Amino acid sequence: MPIGRDDVIAWLSAYSQLLADNREYLTQLDSSIGDADHGVNMDRGFKAVLGKLPTVADKDIGTILKSVGMTLVQTVGGASGPLYGTFFLQAGAATANKMELSLADWSVAVEGAINGLMARGKANVGDKTMVDALVPALHALKQAIADGIDDHEALRQSVAAAEQGMKNTIPLVAKKGRASYLAERSAGHQDPGATSSYLMFKAMMDAWTK
Amino acid sequence: MPIGRDDVIAWLSAYSQLLADNREYLTQLDSSIGDADHGVNMDRGFKAVLGKLPTVADKDIGTILKSVGMTLVQTVGGASGPLYGTFFLQAGAATANKMELSLADWSVAVEGAINGLMARGKANVGDKTMVDALVPALHALKQAIADGIDDHEALRQSVAAAEQGMKNTIPLVAKKGRASYLAERSAGHQDPGATSSYLMFKAMMDAWTK
Amino acid sequence: MKKLINKPEDVVVEALKGIEYAHPDLVKVHYEPNFIYRADAPVQGKVAIVSGGGSGHEPMHGGFVGMGMLDAACPGAVFTSPTPDQMLEATKMVHGGAGVLHIVKNYTGDILNFDMAADLARAEGIEIESVVTNDDVAVQDSLYTAGRRGVGVTVLAEKICGAAAEEGRSLTDVADVCRKVNGWGRSMGMALTSCTVPHAGKPTFDLPEDEMEIGIGIHGEPGRTRMKLKSADEITEMLMEPILNDLPFQAGDNVLLFVNSMGGTPLIELYIIYRKAYEIATKSGLKVVRNLIGPYITSLEMAGCSITLLKMDDDLIRLWDAPVRTPALRWGV
Amino acid sequence: MKKLINKPEDVVVEALKGIEYAHPDLVKVHYEPNFIYRADAPVQGKVAIVSGGGSGHEPMHGGFVGMGMLDAACPGAVFTSPTPDQMLEATKMVHGGAGVLHIVKNYTGDILNFDMAADLARAEGIEIESVVTNDDVAVQDSLYTAGRRGVGVTVLAEKICGAAAEEGRSLTDVADVCRKVNGWGRSMGMALTSCTVPHAGKPTFDLPEDEMEIGIGIHGEPGRTRMKLKSADEITEMLMEPILNDLPFQAGDNVLLFVNSMGGTPLIELYIIYRKAYEIATKSGLKVVRNLIGPYITSLEMAGCSITLLKMDDDLIRLWDAPVRTPALRWGV
Ligand SMILES: Nc1ncnc2c1ncn2[C@@H]1O[C@H](COP(=O)(O)OP(=O)(O)O)[C@@H](O)[C@H]1O
Ligand SMILES: Nc1ncnc2c1ncn2[C@@H]1O[C@H](COP(=O)(O)OP(=O)(O)O)[C@@H](O)[C@H]1O
Ligand SMILES: [Mg+2]
Ligand SMILES: [Mg+2]
Ligand SMILES: [Mg+2]
Ligand SMILES: [Mg+2]
């Protein structure tokens, strides 16, 4: 299943819709262990992305993703803005001039994106952040591709891993981000950034496995 | 039933106790149509009076009452401080050098006291103030004395009139004091000052009709 | 009841002690009777200005003591007018031989207690003039009320008269300035919540989550009307309308626009209100030449705001701009 | 949710418009990207100071723009770090040829966004130094946290560094002053209530009527511990103790004592807290030589307070006393 430019746009639209639908939910998660803005931040950012997409809809995938990254950096703010922004800027750099990607190409781009995000935020798995959903999702995707599993199933497995990683944040004590100020009180609550990361992968699956 | 100096002191002690007992009630009344301080103001004032009484307990009634008036002026504050202060200062002026009063003497002193209070506050019956309890109480007292009714019964009638006057404030729209800022919204609530005035007469009856 | 206090009966004295520790360069505190007075009092030859009222409106009045504003402020119990001995002793402490102006907010208790104090001070040979502030348009001034409340314009009068006194005007002239400011100012307030008086332990009135009070005063009492909560812009219109209608402000007038927090409303909301009030004033042809934005005449932790519009001429503008050095207002020095 | 706002998404821009209307003599407002900058910017030859953060902490930072303090402030959405384009454009607007200091509060988002902006500014040839404030003692600074939050000392640093820049010190020197202030300051906060972020519609956390949070930040998040409500004096002791223990303040040190309202706590309560904090500091042998009391770094309408203690030497005292002319702080001019 090649991922064409229109698929990338479909993914971004699907993610934007998931963020709008889950705005209150993400806000609620970010109230228990944060400052109640993650839902609004992501919704604002991806509404801006939707507004920008028509201007790059005829460009290559790399240009589209870099445009997404820059838009997020300029509109989201907070911790998630630069982190997701870096994710998309890196993914855009890895897919420059491409009009079509294999799922393997995409996993490489995602790997670079996650590495960039982790380099900027300096969080590791277990710190109770979006990294806790992103890294398992990437591993599952890479593993499935390496095992020769078909694309749709590979995507489903990465989403399942993202979901599990998201849920795994619940018992963790946060070591990064605003939740770390709560120390032990952060345990028992699901991380908002891990949730929006899960939704990002879910949107991939929703858009690409129709 | 002559009212001796010790009777005056007994009355003041009884009133002080009634104000302490009704502190929350007066506060509540002053919350519906005021600023929630009448109960505390009066309790503070009469606790100070109790503390001052020993220093004048051997003086004439006029000196005692003037001391009460000055203490109230210095400790109560708000609208009720100067008004009740004037009441007692005037009563003290009318009873200067007296060690004993007949009930008729007392009614003359109270009349002067109420006149002084009304001159200072410029409120009339019907304005929804302490005057609405004080004036009926005075009239009932004077009428009973003129009718030759025995002292204890005269006091009971004046207290009953004070109580009725207090209750009569409920439907009134306030035209004086803080409650007047609420205009029609002040109707339906009993006036706090009328209530503390009723209690003052009740204390007279409690102390003098044992 | 959630407050940062110790015993309710100690609130006033403990706050005074904090003021005493905090501002020794500006004020001194006298206890029993309680009042705050400028550290360099008495200022010989200058009209002294004394005000006061119940506590709970901070920084009014104690935060306004100092050069260019009040010589002394008398704090009563929370929401309770101070007693005559406070104003008498404060008056005597700051009297500089040129007479004393009492600025009295129009509440029965404030009027009665200040009147008694003025009588006592005159009996001791001090010349006193008293001016009453009554700028609140929420209440009708009629035979059937205790008159309009003194609210926001009081702050402006204290500053402007403080400057007039500082530049050596006579008692009569300073009192005239005070009457002029009062006559040229109008105010209106609203509340999103009531407040809790320390000794009462619960809010003075309950306001449902979707309702607000329009036409409130500064003592936590209910207002003229209760209605469903509206937007900031609609609320600003509801406050500005009676203000503009009441005083025949004329197109071309210079005005000071004072947007005040009742205590619990934060600055970001005040600026949203200011924005709309400024636009309304400007559209009415007024020129907003000065402003004051913040918590200056409060009602404990009440959420809400009040707007005061003061017409200004060149003299009032000069007096407003003159240096002032108090805990709550400072410029030019 | 009871606020004086219109649409939640317009809160920041409407407040900016209010600031623009209110203080044209002090600041200008740039929209898209949003920032507030001093009206006379750029001041040639002077180190420019830029800060910023989420909105909802007013007057911080926008109220601190002007002579003697910040050259520009970048307001994000409520409680949301501003974006790099805001800091980049603000930096370019106020750069006077002597470099720019970024004062950044230690929150992941603030650090990341300011870092990106600094990189972009350097790419355009502007010399940038960044100093992070992290004075909050409620959080342990360890490998297992995102580090200590930047809170009250940020206000003090902005004033002191503003003065250092105003008197012509170099970028390196001003940055050193900033690091010194940060190193010598410690803060601790508590809350009686949470706050409601406009778009959330309800409080960020619920606090029972008889409980309080100790060790809160400024973004409405819960604190380190929840416990039963105590008296003001006990609370002051609970805040002062970790402050005094954390920085080896020594007997004889001069300090600035900053008692801050989180937004909903009124001034009378702040003075009660100040009284006890002053007594504790003095009893520890410290000399409280300066202070700041009021709502300066807030969390919308949160009821609560924070205390900041800053050790001062003669240079810092001089810089603190130097003239400043901003919407929220003004003296000496
Ligand atoms: N250092 C970090 N590395 C990776 N993710 C992080 C880091 N810090 C915070 N996050 C993520 O950001 C999320 C919060 O985002 P958001 O609420 O938008 O920002 P803020 O915390 O500034 O309000 C957290 O749930 C967490 O997943
Ligand atoms: N002008 C007046 N004349 C007589 N009584 C008055 C007048 N104004 C107010 N009062 C009385 O004072 C009472 C309120 O007293 P208090 O609460 O102690 O003072 P304040 O209104 O200043 O808070 C009212 O209930 C009313 O009975
Ligand atoms: Mg957040
Ligand atoms: Mg009252
Ligand atoms: Mg009162
Ligand atoms: Mg945030």
# chains A, B, ... in the order shown; residues from 1 in each chain; ligands from 1
>>> select_by_dssp(residues="segment 115-293 of chain C", states="helix (DSSP H, G or I)", output="PyMOL selection string")
chain C and resi 115-123+153-166+171-183+232-246+267-283
>>> interface_residues(of="chain D", to="chain C", cutoff="6 Å", atoms="only C-alpha atoms", output="PDB file with N, CA and C atoms, in the first residue's frame")
ATOM      1  N   LEU D   4     -15.182  37.507  33.713  1.00  0.00           N
ATOM      2  CA  LEU D   4     -15.520  38.672  32.905  1.00  0.00           C
ATOM      3  C   LEU D   4     -14.765  38.526  31.599  1.00  0.00           C
ATOM      4  N   ILE D   5     -15.319  37.721  30.707  1.00  0.00           N
ATOM      5  CA  ILE D   5     -14.690  37.489  29.409  1.00  0.00           C
ATOM      6  C   ILE D   5     -15.769  37.438  28.351  1.00  0.00           C
ATOM      7  N   ASN D   6     -15.350  37.441  27.105  1.00  0.00           N
ATOM      8  CA  ASN D   6     -16.274  37.190  26.015  1.00  0.00           C
ATOM      9  C   ASN D   6     -16.021  35.752  25.564  1.00  0.00           C
ATOM     10  N   GLU D  14      -8.107  40.263  23.373  1.00  0.00           N
ATOM     11  CA  GLU D  14      -8.903  41.359  23.941  1.00  0.00           C
ATOM     12  C   GLU D  14      -8.176  42.040  25.088  1.00  0.00           C
ATOM     13  N   ALA D  15      -7.476  41.250  25.893  1.00  0.00           N
ATOM     14  CA  ALA D  15      -6.691  41.867  26.974  1.00  0.00           C
ATOM     15  C   ALA D  15      -5.566  42.703  26.379  1.00  0.00           C
ATOM     16  N   GLY D  18      -6.897  45.959  25.396  1.00  0.00           N
ATOM     17  CA  GLY D  18      -7.072  46.813  26.573  1.00  0.00           C
ATOM     18  C   GLY D  18      -5.758  47.453  27.002  1.00  0.00           C
ATOM     19  N   GLU D  58      -0.975  37.735  34.682  1.00  0.00           N
ATOM     20  CA  GLU D  58      -0.870  39.197  34.705  1.00  0.00           C
ATOM     21  C   GLU D  58      -0.815  39.730  36.144  1.00  0.00           C
ATOM     22  N   SER D 231      -4.144  27.887  59.666  1.00  0.00           N
ATOM     23  CA  SER D 231      -4.187  29.339  59.871  1.00  0.00           C
ATOM     24  C   SER D 231      -3.132  30.012  58.996  1.00  0.00           C
ATOM     25  N   ALA D 232      -3.290  31.316  58.828  1.00  0.00           N
ATOM     26  CA  ALA D 232      -2.326  32.062  58.021  1.00  0.00           C
ATOM     27  C   ALA D 232      -0.915  31.919  58.580  1.00  0.00           C
ATOM     28  N   GLY D 263      -3.886  35.759  42.779  1.00  0.00           N
ATOM     29  CA  GLY D 263      -4.884  36.403  41.929  1.00  0.00           C
ATOM     30  C   GLY D 263      -6.185  36.662  42.646  1.00  0.00           C
ATOM     31  N   GLY D 264      -6.636  35.716  43.428  1.00  0.00           N
ATOM     32  CA  GLY D 264      -7.924  35.842  44.095  1.00  0.00           C
ATOM     33  C   GLY D 264      -7.823  36.187  45.569  1.00  0.00           C
ATOM     34  N   PRO D 266      -7.062  38.653  48.544  1.00  0.00           N
ATOM     35  CA  PRO D 266      -7.008  40.110  48.645  1.00  0.00           C
ATOM     36  C   PRO D 266      -5.846  40.628  49.481  1.00  0.00           C
ATOM     37  N   LEU D 267      -5.613  41.908  49.359  1.00  0.00           N
ATOM     38  CA  LEU D 267      -4.453  42.555  49.968  1.00  0.00           C
ATOM     39  C   LEU D 267      -4.444  42.433  51.485  1.00  0.00           C
ATOM     40  N   ILE D 268      -5.620  42.477  52.125  1.00  0.00           N
ATOM     41  CA  ILE D 268      -5.624  42.427  53.588  1.00  0.00           C
ATOM     42  C   ILE D 268      -5.008  41.115  54.063  1.00  0.00           C
ATOM     43  N   GLU D 269      -5.261  40.029  53.355  1.00  0.00           N
ATOM     44  CA  GLU D 269      -4.681  38.741  53.733  1.00  0.00           C
ATOM     45  C   GLU D 269      -3.184  38.707  53.441  1.00  0.00           C
ATOM     46  N   TYR D 271      -1.148  41.121  53.733  1.00  0.00           N
ATOM     47  CA  TYR D 271      -0.427  41.817  54.802  1.00  0.00           C
ATOM     48  C   TYR D 271      -0.364  40.987  56.068  1.00  0.00           C
ATOM     49  N   ILE D 272      -1.392  40.142  56.300  1.00  0.00           N
ATOM     50  CA  ILE D 272      -1.342  39.229  57.444  1.00  0.00           C
ATOM     51  C   ILE D 272      -0.207  38.230  57.239  1.00  0.00           C
ATOM     52  N   TYR D 274       2.428  38.722  55.281  1.00  0.00           N
ATOM     53  CA  TYR D 274       3.685  39.473  55.300  1.00  0.00           C
ATOM     54  C   TYR D 274       4.168  39.662  56.728  1.00  0.00           C
ATOM     55  N   ARG D 275       3.236  40.001  57.592  1.00  0.00           N
ATOM     56  CA  ARG D 275       3.561  40.205  59.010  1.00  0.00           C
ATOM     57  C   ARG D 275       4.299  38.995  59.578  1.00  0.00           C
ATOM     58  N   LEU D 300      -4.539  33.290  37.147  1.00  0.00           N
ATOM     59  CA  LEU D 300      -5.934  33.705  36.950  1.00  0.00           C
ATOM     60  C   LEU D 300      -6.523  34.132  38.298  1.00  0.00           C
ATOM     61  N   GLU D 301      -7.630  33.525  38.701  1.00  0.00           N
ATOM     62  CA  GLU D 301      -8.296  33.964  39.931  1.00  0.00           C
ATOM     63  C   GLU D 301      -8.019  33.052  41.130  1.00  0.00           C
ATOM     64  N   TRP D 331       8.398  53.500  40.002  1.00  0.00           N
ATOM     65  CA  TRP D 331       8.971  54.370  41.014  1.00  0.00           C
ATOM     66  C   TRP D 331      10.161  55.113  40.431  1.00  0.00           C
ATOM     67  N   GLY D 332      10.487  56.206  41.094  1.00  0.00           N
ATOM     68  CA  GLY D 332      11.653  56.992  40.688  1.00  0.00           C
ATOM     69  C   GLY D 332      11.445  57.818  39.442  1.00  0.00           C
ATOM     70  N   VAL D 333      10.202  57.867  38.928  1.00  0.00           N
ATOM     71  CA  VAL D 333       9.957  58.621  37.711  1.00  0.00           C
ATOM     72  C   VAL D 333       8.461  58.941  37.610  1.00  0.00           C
TER      73      VAL D 333
END
>>> interface_residues(of="chain B", to="chain C", cutoff="10 Å", atoms="only C-alpha atoms", output="count of residues only")
48
>>> residues_around(residues="segment 24-32 of chain C", least_positions_apart="6", cutoff="7 Å", atoms="only C-alpha atoms", output="list in words")
Leu16, Arg38, Ala39, Val65, Gly66 and Thr326 of chain C
>>> atom_distance(atom1="atom CA of Tyr37 of chain D", atom2="atom CA of Glu158 of chain D")
14.1 Å
>>> residues_around(residues="Asp253 of chain C", least_positions_apart="2", cutoff="9 Å", atoms="only C-alpha atoms", output="compact mmCIF listing (two decimals) with N, CA, C and O atoms, in the first residue's frame")
# COMPACT_ATOMS: atom_id res chain seq x y z
N PHE C 249 -22.10 63.99 30.73
CA PHE C 249 -20.82 64.06 30.05
C PHE C 249 -21.11 64.57 28.64
O PHE C 249 -22.06 64.14 28.00
N GLN C 250 -20.27 65.46 28.18
CA GLN C 250 -20.48 66.01 26.85
C GLN C 250 -19.38 65.57 25.92
O GLN C 250 -18.23 65.38 26.34
N ALA C 251 -19.75 65.42 24.66
CA ALA C 251 -18.76 65.08 23.66
C ALA C 251 -17.63 66.09 23.76
O ALA C 251 -17.85 67.29 23.93
N VAL C 255 -11.83 62.61 30.13
CA VAL C 255 -12.24 61.78 31.27
C VAL C 255 -11.12 60.87 31.72
O VAL C 255 -10.21 60.54 30.95
N GLY C 285 -17.86 60.16 22.28
CA GLY C 285 -17.23 61.46 22.07
C GLY C 285 -16.35 61.91 23.21
O GLY C 285 -15.82 63.02 23.20
N LEU C 286 -16.18 61.05 24.22
CA LEU C 286 -15.30 61.42 25.32
C LEU C 286 -13.86 61.10 24.95
O LEU C 286 -13.59 60.23 24.14
N LYS C 287 -12.95 61.84 25.58
CA LYS C 287 -11.53 61.57 25.35
C LYS C 287 -10.95 61.00 26.64
O LYS C 287 -10.85 61.71 27.65
N VAL C 288 -10.59 59.73 26.59
CA VAL C 288 -10.03 59.10 27.78
C VAL C 288 -8.57 59.50 27.88
O VAL C 288 -7.72 59.01 27.14
N LYS C 311 -14.95 63.16 34.88
CA LYS C 311 -14.66 64.25 33.96
C LYS C 311 -13.50 65.04 34.52
O LYS C 311 -13.38 65.25 35.74
N MET C 312 -12.62 65.47 33.64
CA MET C 312 -11.43 66.18 34.11
C MET C 312 -11.24 67.47 33.32
O MET C 312 -11.43 67.50 32.12
N ASP C 313 -10.82 68.50 34.06
CA ASP C 313 -10.34 69.69 33.38
C ASP C 313 -8.82 69.74 33.56
O ASP C 313 -8.22 68.83 34.15
>>> residues_around(residues="Leu199 of chain A", least_positions_apart="2", cutoff="12 Å", atoms="only C-alpha atoms", output="CSV table (one decimal) with N, CA and C atoms, in the first residue's frame")
chain,number,residue,atom,x,y,z
A,11,TRP,N,-4.5,11.6,6.3
A,11,TRP,CA,-4.1,11.3,7.6
A,11,TRP,C,-4.2,12.6,8.5
A,12,LEU,N,-3.6,13.6,8.0
A,12,LEU,CA,-3.6,14.9,8.7
A,12,LEU,C,-5.1,15.4,9.0
A,14,ALA,N,-7.7,13.4,9.2
A,14,ALA,CA,-8.3,12.5,10.2
A,14,ALA,C,-7.7,12.8,11.6
A,15,TYR,N,-6.5,13.1,11.7
A,15,TYR,CA,-5.9,13.5,13.0
A,15,TYR,C,-6.5,14.7,13.5
A,16,SER,N,-6.6,15.7,12.7
A,16,SER,CA,-7.3,16.9,13.1
A,16,SER,C,-8.7,16.7,13.6
A,17,GLN,N,-9.4,15.8,13.0
A,17,GLN,CA,-10.8,15.5,13.4
A,17,GLN,C,-10.7,14.8,14.8
A,18,LEU,N,-9.8,13.9,14.9
A,18,LEU,CA,-9.7,13.2,16.2
A,18,LEU,C,-9.4,14.1,17.3
A,19,LEU,N,-8.5,15.1,17.0
A,19,LEU,CA,-8.1,16.1,18.1
A,19,LEU,C,-9.3,17.0,18.4
A,20,ALA,N,-10.1,17.4,17.4
A,20,ALA,CA,-11.3,18.2,17.7
A,20,ALA,C,-12.3,17.3,18.5
A,21,ASP,N,-12.4,16.1,18.2
A,21,ASP,CA,-13.4,15.2,18.9
A,21,ASP,C,-12.9,15.0,20.3
A,22,ASN,N,-11.6,14.9,20.5
A,22,ASN,CA,-11.1,14.6,21.8
A,22,ASN,C,-10.5,15.8,22.6
A,23,ARG,N,-10.9,16.9,22.2
A,23,ARG,CA,-10.4,18.1,22.8
A,23,ARG,C,-10.7,18.2,24.3
A,25,TYR,N,-11.5,15.7,26.2
A,25,TYR,CA,-10.8,14.5,26.9
A,25,TYR,C,-9.4,14.8,27.2
A,26,LEU,N,-8.7,15.4,26.2
A,26,LEU,CA,-7.3,15.7,26.4
A,26,LEU,C,-7.1,16.9,27.4
A,39,GLY,N,-5.5,19.8,25.2
A,39,GLY,CA,-6.6,19.6,24.2
A,39,GLY,C,-6.8,20.8,23.3
A,42,MET,N,-3.6,21.4,20.9
A,42,MET,CA,-3.5,20.5,19.8
A,42,MET,C,-4.6,20.8,18.8
A,130,MET,N,4.7,11.6,25.8
A,130,MET,CA,4.3,11.1,24.5
A,130,MET,C,5.3,10.0,24.0
A,133,ALA,N,4.2,6.4,24.1
A,133,ALA,CA,3.3,5.9,23.1
A,133,ALA,C,4.1,5.8,21.8
A,134,LEU,N,4.9,6.8,21.5
A,134,LEU,CA,5.6,6.9,20.2
A,134,LEU,C,6.6,5.7,20.0
A,137,ALA,N,5.0,2.3,19.4
A,137,ALA,CA,4.4,2.3,18.2
A,137,ALA,C,5.4,2.1,17.0
A,158,SER,N,0.9,-1.3,15.2
A,158,SER,CA,1.6,-0.1,15.7
A,158,SER,C,0.6,0.7,16.5
A,159,VAL,N,-0.7,0.7,16.1
A,159,VAL,CA,-1.7,1.5,16.8
A,159,VAL,C,-1.9,0.8,18.1
A,160,ALA,N,-2.0,-0.5,18.1
A,160,ALA,CA,-2.3,-1.3,19.3
A,160,ALA,C,-1.1,-1.0,20.3
A,161,ALA,N,0.1,-1.0,19.8
A,161,ALA,CA,1.3,-0.7,20.7
A,161,ALA,C,1.2,0.7,21.2
A,162,ALA,N,0.8,1.6,20.4
A,162,ALA,CA,0.7,3.0,20.9
A,162,ALA,C,-0.4,3.1,22.0
A,163,GLU,N,-1.5,2.4,21.8
A,163,GLU,CA,-2.5,2.4,22.8
A,163,GLU,C,-2.1,1.8,24.1
A,165,GLY,N,1.0,1.6,25.1
A,165,GLY,CA,2.0,2.5,25.6
A,165,GLY,C,1.3,3.7,26.3
A,166,MET,N,0.3,4.2,25.7
A,166,MET,CA,-0.5,5.2,26.3
A,166,MET,C,-1.1,4.8,27.7
A,192,PRO,N,-1.5,13.1,28.9
A,192,PRO,CA,-2.2,13.7,27.8
A,192,PRO,C,-1.4,13.6,26.5
A,193,GLY,N,-0.1,13.9,26.6
A,193,GLY,CA,0.7,13.8,25.3
A,193,GLY,C,0.8,12.4,24.8
A,194,ALA,N,0.9,11.4,25.6
A,194,ALA,CA,0.8,10.0,25.1
A,194,ALA,C,-0.5,9.7,24.4
A,195,THR,N,-1.5,10.4,24.9
A,195,THR,CA,-2.9,10.1,24.4
A,195,THR,C,-3.0,10.8,23.0
A,196,SER,N,-2.5,12.0,22.8
A,196,SER,CA,-2.5,12.6,21.5
A,196,SER,C,-1.6,11.9,20.6
A,197,SER,N,-0.5,11.3,21.1
A,197,SER,CA,0.4,10.5,20.2
A,197,SER,C,-0.3,9.3,19.7
A,201,PHE,N,-1.3,8.0,15.7
A,201,PHE,CA,-1.1,6.8,15.0
A,201,PHE,C,-2.5,6.2,14.6
A,202,LYS,N,-3.5,6.3,15.4
A,202,LYS,CA,-4.8,5.9,15.1
A,202,LYS,C,-5.3,6.5,13.8
A,203,ALA,N,-5.0,7.8,13.7
A,203,ALA,CA,-5.4,8.5,12.5
A,203,ALA,C,-4.8,7.9,11.2
A,204,MET,N,-3.5,7.6,11.4
A,204,MET,CA,-2.8,6.9,10.3
A,204,MET,C,-3.6,5.7,9.8
A,205,MET,N,-3.9,4.8,10.9
A,205,MET,CA,-4.6,3.6,10.5
A,205,MET,C,-5.9,3.9,9.9
A,206,ASP,N,-6.7,4.8,10.5
A,206,ASP,CA,-8.0,5.1,10.0
A,206,ASP,C,-7.9,5.6,8.6
A,207,ALA,N,-6.9,6.5,8.3
A,207,ALA,CA,-6.9,7.1,6.9
A,207,ALA,C,-6.3,6.1,5.9
>>> select_by_dssp(residues="chain A", states="strand (DSSP E or B)", output="number ranges by chain")
A: 3-4, 100-101
>>> residues_around(residues="Ala48 of chain D", least_positions_apart="2", cutoff="10 Å", atoms="only C-alpha atoms", output="JSON, numbers by chain")
{"D": [41, 42, 43, 44, 45, 46, 50, 69, 70, 71, 72, 91, 92, 93, 94, 95, 96, 97, 98, 99, 100, 101, 102, 128, 161, 162, 165, 166, 171, 174]}
